[in-house]
Amino acid sequence: MSGHMNLTLKVWRQKNKETRGKFVTYKADDISPDMSFLEMLDVVNEGLTRKGEDPIYFDHDCREGICGMCSLHINGRPHGPKEETTTCQLHMRSFHDGQTIVIEPWRAAAFPVIKDLAVDRSAFDRIQQAGAYVNINTGGVPDANAIPIPKDVADEAFESATCIGCGACVAACKNASAMLFVSAKISQYALVPQGQTERYSRAQAMVAQMDEEGFGSCTNTGACEAECPVGIKLTNIARMNREYFTAKFFKQEEAH
Amino acid sequence: MLDSKIPAGPLAEKWSNHKFHLKLVNPANKRRFTIIVVGTGLAGASAAASLAELGYNVKAFCYQDSARRAHSIAAQGGINAAKNYQNDGDSVYRLFYDTIKGGDYRAREANVYRLAEVSVNIIDQCVAQGVPFAREYGGLLDNRSFGGAQVSRTFYARGQTGQQLLLGAYSALNRQIHAGKVEMFTRHEMLDLVTIEGQARGIITRDLETGAIESHAGHAVLLCTGGYGNVFFLSTNAMGCNVTAAWRAHKRGAFFANPCYTQIHPTCIPVTGDHQSKLTLMSESLRNDGRVWVPKTVELAQKLRKGEIKVTDIKEEDRDYFLERKYPSFGNLVPRDVASRNAKQMAEEGRGVGKTGLAVFLDFAEAISRLGEDAVRAKYGNLFDMYYQITDENPYKQPMRIYPAVHYTMGGIWVDYNLMTTIPGLYALGECNFSDHGANRLGASALMQGLADGYFVIPYTVGDYLAGLGFAPVDKNHPNFEKTRLEVEGKVKQLLSMKGSKTVDDIHKKLGHIMWEYCGMARNEEGLKKAKGLIQELRKEFWSDVTVLGENEELNLSLEKAGRVADFLELGELMVDDALNRRESCGGHFREESATEDGEAKRDDENYSYVAAWEYQGDNQPEVMHKEELIFENVKLTQRSYK
Ligand SMILES: Cc1cc2nc3c(=O)[nH]c(=O)nc-3n(C[C@H](O)[C@H](O)[C@H](O)COP(=O)(O)OP(=O)(O)OC[C@H]3O[C@@H](n4cnc5c(N)ncnc54)[C@H](O)[C@@H]3O)c2cc1C
Ligand code: FES
């Protein structure tokens, strides 16, 4: 068919956490430019299955760019070549006939590979469990319009809150730092009135957990922002640092 | 036999009275109970968090790698609540009325009223959690309007409302995980329900990473596992959405209600080819500003399809804004079924657009000239980007192409007013139950229902059951746990032994075609009978000729899919049986034998004003239907008219 492509894939295959992985080469033939990247992998997997070979495991669910489940390092870039696009929203028209595509899992000590292209990102959950919430129970809260929030503030909090938790920022960073992710969460709460009461203790608890998980430190290369599929901004990191150091300051004050 | 437990008394007082009469578990005793919550979408996450806050021990499960990734995350447009912040005449009663009417009078009055009543608390709760809803310049919450309503009562966070609400519920859940009150099991799939002496006492799960088949015991089990739209293969659901948990519970005795009620959403990105794995929704909110049209004549449409002319070549007077023309008072905001059916009709008349002709236009030119591109971007930016990404066409410059796609399932596990299924101790919340949307769900009401069930209903009703139980821990050594676990293991082994010539997707796609063709938007007796035979054959093909690769002790895509499709193949037949039984047009579906003279849907209240609840009878046996008559004491049944 016209416009269809034949591609060569070099895919990371690894049976489980314990075994060592390696690249395996596959052909992906007759690929339509209208397919998404994951649909291209579906086609390859259907072919493998028909041949009785184990299909390639990759994480995915919504395929709408919102759940954050898909990942993949594609030709050296998290979520592939297109800016502000998750792997599931990347379409094959971003590639050309005859191209070789190298597909790897996220690489970070805190994200161990569990099979092929899937990694364990539970560290992100644990960081949020450490403090990414307002300490209130269900019920007995004030009317939603009781506290007005200026539109620009609400919008800014929303921008931080749109993080999909995919881990691309960590995968993009040479130090495997999780600062962009953690700072987006801290910012969301630091901005709105509901997050004020626990503002500083939250920052401290989340940063402590982040360090415990073995993420690297931030050396301000900005690779995370460049690769974030939903455009989370570096300004979040600056805000988080402010929150964190103010928190330390308050702690010292209390100690005196 | 079916007791809906609707409380007596006037509609507006039912829930308050009921809450007062429900038995309570005293705070110190709550920690002696364990509650299993399957699913961490809006329904599951809100229930797990709220129950843990009360002091119960909770075990929560999801199949994704994080609780935050449940498909609620994908909801775009918004959540309804009867706040009347806009001073435009909204009230609890009006939201109740719109929802009952929107559901084409096939839902319970009492449930829907309660939903409208607690809707206001939901918004308060979410704001208190820090959910960044859209706001106006004065700092107060903004609203938009949605299909089937004439007031603005929909709260939203750009086109990502589900994401923000779910992250709110997930934060509450995380807080309880941190407190040690919720034990969270990610990448775990529920594969069966364990009952002891007729009561739900636990579940069997497979750890998707290690393959371990595990037993979990609890005093109550809450299914919050979402909808079954993926029975159609192509839908707006996530790839992993499934009916497995609900179906296995059904086979253990939970009745399945109105399985044929599915919602076909009018505004999705059209199919491009066989490789397609899912369909993407363009939120209904777009119909606030987008105008739906096709060329007036078949000739023009043909030229457009062949690429002889461009859409911009079609003059204003040659465009048929068919929804505005046919339904002047609701216009582009008619309910989903009406919009979908009309789009399909345009395609059938040969006036569809796009290469396949299976699409209509959704045009923003007028809105962009009225409001400016920036204002349109601020409202719908992420949707426009997504559309651009997928189709490579810029919706700021040319109209979107849209077509209906399977989106939501109103049918589901039958529950009483307390959300309890026909198995004592087993509850169903959110999309996986049948309760509040009748034959057609109004936009922005599923998020409302999921959170209503989880935050504000189940915390009251589950206590009533537990209070009557006694504190003895559930005995995990009871032979039923071992028996059920062995059955699950046997099924996994059986699937893994199958080495035929078809892939699981081959069969799933075939099933999808059958369902869409014969049990979708429009259906008739002949087609349904044919579908029934086709599904039975397909099921045989699956069990004799499918191939499942790999081992149990690993992440195994093939195995996960096979188990889910095996269940869809059984559910599909029940959907067809239910559709055969319901010889009326109603809500989301059009039964061709039941139409008015001008071709609109004709409901048959005399014969079908009931919930059809199906009872499983054993493998390959016809199921038995039980009726729950719907009694309307407050609203008068009228044929829906949006003209
Ligand atoms: C694209 C899209 C847009 C939508 N937009 C809107 C909107 O704007 N407004 C609105 O009101 N509604 C909308 N809806 C509908 C609404 O989002 C859903 O009905 C609702 O979120 C369902 O919530 P839930 O908690 O019932 O299920 P889900 O969020 O689907 O969660 C299901 C949970 O169950 C788990 N699960 C499933 N099966 C198993 C199993 N076997 N074992 C273990 N765990 C399991 C999953 O892991 C998940 O955690 C939209 C739906 C879609 C698909
Ligand atoms: S699969 Fe959900 S973001 Fe890609």
# chains A, B, ... in the order shown; residues from 1 in each chain; ligands from 1
>>> interface_residues(of="chain A", to="chain B", cutoff="6 Å", atoms="only C-alpha atoms", output="ChimeraX atom specification")
/A:61-62,67,129,133-134,138,143-145,148-151,154,158,194
>>> residues_near_ligand(ligand="ligand 2", cutoff="6 Å", atoms="only C-alpha atoms and all ligand atoms", output="MDAnalysis selection string")
chainID A and resid 60:70 86:88
>>> residues_around(residues="B:Gly226", least_positions_apart="4", cutoff="10 Å", atoms="only C-alpha atoms", output="NGL selection string")
:B and (38-44 or 70-72 or 237 or 241-243 or 245-246 or 408-409 or 412 or 428-433 or 450)
>>> write_last_selection(atoms="N, CA and C atoms", output="compact mmCIF listing (two decimals), in the first residue's frame")
# COMPACT_ATOMS: atom_id res chain seq x y z
N VAL B 38 -11.80 -4.05 45.04
CA VAL B 38 -11.17 -4.41 43.77
C VAL B 38 -11.37 -3.26 42.80
N GLY B 39 -10.27 -2.62 42.42
CA GLY B 39 -10.34 -1.47 41.52
C GLY B 39 -10.04 -0.20 42.28
N THR B 40 -9.27 0.68 41.65
CA THR B 40 -8.89 1.95 42.29
C THR B 40 -9.19 3.13 41.37
N GLY B 41 -10.24 3.00 40.57
CA GLY B 41 -10.73 4.16 39.82
C GLY B 41 -11.44 5.09 40.78
N LEU B 42 -12.27 5.97 40.26
CA LEU B 42 -12.94 6.91 41.15
C LEU B 42 -13.74 6.17 42.22
N ALA B 43 -14.44 5.13 41.81
CA ALA B 43 -15.27 4.42 42.78
C ALA B 43 -14.39 3.70 43.82
N GLY B 44 -13.43 2.94 43.36
CA GLY B 44 -12.62 2.14 44.27
C GLY B 44 -11.70 2.97 45.15
N ALA B 70 -6.04 3.91 36.78
CA ALA B 70 -7.37 3.39 36.45
C ALA B 70 -7.98 4.26 35.35
N HIS B 71 -8.88 3.69 34.58
CA HIS B 71 -9.33 4.42 33.39
C HIS B 71 -10.15 5.67 33.70
N SER B 72 -10.56 5.85 34.92
CA SER B 72 -11.19 7.13 35.29
C SER B 72 -10.29 8.29 34.90
N ASN B 237 -12.52 2.74 25.89
CA ASN B 237 -11.93 2.25 27.12
C ASN B 237 -10.43 2.01 26.96
N CYS B 241 -9.29 -2.67 30.17
CA CYS B 241 -10.63 -2.70 30.78
C CYS B 241 -11.27 -4.04 30.46
N ASN B 242 -11.93 -4.61 31.42
CA ASN B 242 -12.41 -5.99 31.25
C ASN B 242 -13.64 -6.23 32.10
N VAL B 243 -14.25 -7.39 31.89
CA VAL B 243 -15.44 -7.72 32.68
C VAL B 243 -15.12 -8.86 33.65
N ALA B 245 -13.67 -9.56 36.58
CA ALA B 245 -14.05 -9.62 37.99
C ALA B 245 -15.57 -9.72 38.13
N ALA B 246 -16.27 -8.86 37.38
CA ALA B 246 -17.73 -8.84 37.46
C ALA B 246 -18.30 -10.17 36.96
N TYR B 408 -19.48 3.56 27.05
CA TYR B 408 -19.85 3.36 28.46
C TYR B 408 -20.87 2.24 28.54
N THR B 409 -20.86 1.50 29.64
CA THR B 409 -21.85 0.44 29.79
C THR B 409 -22.75 0.75 30.98
N GLY B 412 -24.71 -3.74 34.19
CA GLY B 412 -23.67 -4.16 35.12
C GLY B 412 -24.25 -5.02 36.21
N ALA B 428 -21.14 -3.68 44.54
CA ALA B 428 -20.61 -3.20 43.26
C ALA B 428 -20.81 -1.69 43.18
N LEU B 429 -19.73 -0.98 42.82
CA LEU B 429 -19.74 0.48 42.80
C LEU B 429 -19.24 0.98 41.44
N GLY B 430 -19.64 2.19 41.11
CA GLY B 430 -19.12 2.81 39.89
C GLY B 430 -19.70 2.18 38.65
N GLU B 431 -18.95 2.25 37.57
CA GLU B 431 -19.47 1.79 36.29
C GLU B 431 -19.81 0.30 36.31
N CYS B 432 -19.20 -0.45 37.19
CA CYS B 432 -19.45 -1.90 37.14
C CYS B 432 -20.82 -2.28 37.70
N ASN B 433 -21.53 -1.38 38.36
CA ASN B 433 -22.91 -1.73 38.72
C ASN B 433 -23.87 -1.14 37.68
N GLY B 450 -19.42 7.51 40.41
CA GLY B 450 -18.29 6.77 41.00
C GLY B 450 -17.93 7.35 42.35
>>> residues_around(residues="B:Thr422", least_positions_apart="6", cutoff="7 Å", atoms="only C-alpha atoms", output="list in words")
Gly253, Ala254, Phe255 and Val415 of chain B
>>> residues_around(residues="stretch 222-228 of chain A", least_positions_apart="2", cutoff="6 Å", atoms="only C-alpha atoms", output="MDAnalysis selection string")
chainID A and resid 169 172:173 220 230:231 233
>>> select_by_dssp(residues="stretch 43-127 of chain A", states="helix (DSSP H, G or I)", output="ChimeraX atom specification")
/A:43-50,87-89,92-94,122-127
>>> closest_residue(among="B:Tyr63, B:Phe185, B:Tyr403, B:Phe590", to="ligand 1", atoms="only C-alpha atoms and all ligand atoms")
B:Tyr63
>>> atom_distance(atom1="atom CA of B:Gly218", atom2="atom CA of B:Tyr56")
10.8 Å
>>> closest_residue(among="B:Gly572, B:Pro295, B:Gly102, B:Gly77", to="ligand 1", atoms="only C-alpha atoms and all ligand atoms")
B:Gly77
>>> decode(residues="stretch 175-218 of chain A", atoms="C-alpha atoms", output="PDB file, in the first residue's frame")
ATOM      1  CA  ASN A 175      21.565  11.328  37.002  1.00  0.00           C
ATOM      2  CA  ALA A 176      18.165   9.630  37.003  1.00  0.00           C
ATOM      3  CA  SER A 177      16.792  12.388  39.181  1.00  0.00           C
ATOM      4  CA  ALA A 178      13.094  12.497  40.034  1.00  0.00           C
ATOM      5  CA  MET A 179      13.043  16.211  40.807  1.00  0.00           C
ATOM      6  CA  LEU A 180      10.653  17.234  38.056  1.00  0.00           C
ATOM      7  CA  PHE A 181       8.068  14.695  39.112  1.00  0.00           C
ATOM      8  CA  VAL A 182       8.354  15.411  42.827  1.00  0.00           C
ATOM      9  CA  SER A 183       8.424  19.159  42.350  1.00  0.00           C
ATOM     10  CA  ALA A 184       5.285  19.138  40.221  1.00  0.00           C
ATOM     11  CA  LYS A 185       3.380  17.395  42.999  1.00  0.00           C
ATOM     12  CA  ILE A 186       4.787  19.641  45.711  1.00  0.00           C
ATOM     13  CA  SER A 187       3.983  22.728  43.636  1.00  0.00           C
ATOM     14  CA  GLN A 188       0.391  21.770  43.056  1.00  0.00           C
ATOM     15  CA  TYR A 189      -0.236  21.769  46.795  1.00  0.00           C
ATOM     16  CA  ALA A 190       2.039  24.686  47.593  1.00  0.00           C
ATOM     17  CA  LEU A 191       0.020  26.869  45.249  1.00  0.00           C
ATOM     18  CA  VAL A 192      -3.533  26.313  46.465  1.00  0.00           C
ATOM     19  CA  PRO A 193      -4.881  27.468  49.843  1.00  0.00           C
ATOM     20  CA  GLN A 194      -5.890  23.919  50.770  1.00  0.00           C
ATOM     21  CA  GLY A 195      -2.258  22.853  50.687  1.00  0.00           C
ATOM     22  CA  GLN A 196      -0.900  25.581  52.943  1.00  0.00           C
ATOM     23  CA  THR A 197      -1.224  24.012  56.375  1.00  0.00           C
ATOM     24  CA  GLU A 198       1.161  21.188  55.649  1.00  0.00           C
ATOM     25  CA  ARG A 199       3.175  22.939  53.013  1.00  0.00           C
ATOM     26  CA  TYR A 200       6.615  22.519  54.534  1.00  0.00           C
ATOM     27  CA  SER A 201       6.266  19.149  56.213  1.00  0.00           C
ATOM     28  CA  ARG A 202       4.980  17.797  52.914  1.00  0.00           C
ATOM     29  CA  ALA A 203       8.032  18.980  51.008  1.00  0.00           C
ATOM     30  CA  GLN A 204      10.349  17.465  53.567  1.00  0.00           C
ATOM     31  CA  ALA A 205       8.613  14.119  53.713  1.00  0.00           C
ATOM     32  CA  MET A 206       8.457  13.732  49.948  1.00  0.00           C
ATOM     33  CA  VAL A 207      12.061  14.738  49.392  1.00  0.00           C
ATOM     34  CA  ALA A 208      13.214  12.329  52.098  1.00  0.00           C
ATOM     35  CA  GLN A 209      11.342   9.496  50.418  1.00  0.00           C
ATOM     36  CA  MET A 210      12.720  10.487  47.031  1.00  0.00           C
ATOM     37  CA  ASP A 211      16.257  10.249  48.399  1.00  0.00           C
ATOM     38  CA  GLU A 212      15.527   6.908  50.002  1.00  0.00           C
ATOM     39  CA  GLU A 213      14.365   5.470  46.681  1.00  0.00           C
ATOM     40  CA  GLY A 214      17.791   6.006  45.160  1.00  0.00           C
ATOM     41  CA  PHE A 215      17.035   8.680  42.572  1.00  0.00           C
ATOM     42  CA  GLY A 216      19.997  10.822  41.554  1.00  0.00           C
ATOM     43  CA  SER A 217      20.479  14.491  42.269  1.00  0.00           C
ATOM     44  CA  CYS A 218      19.524  17.352  39.985  1.00  0.00           C
TER      45      CYS A 218
END
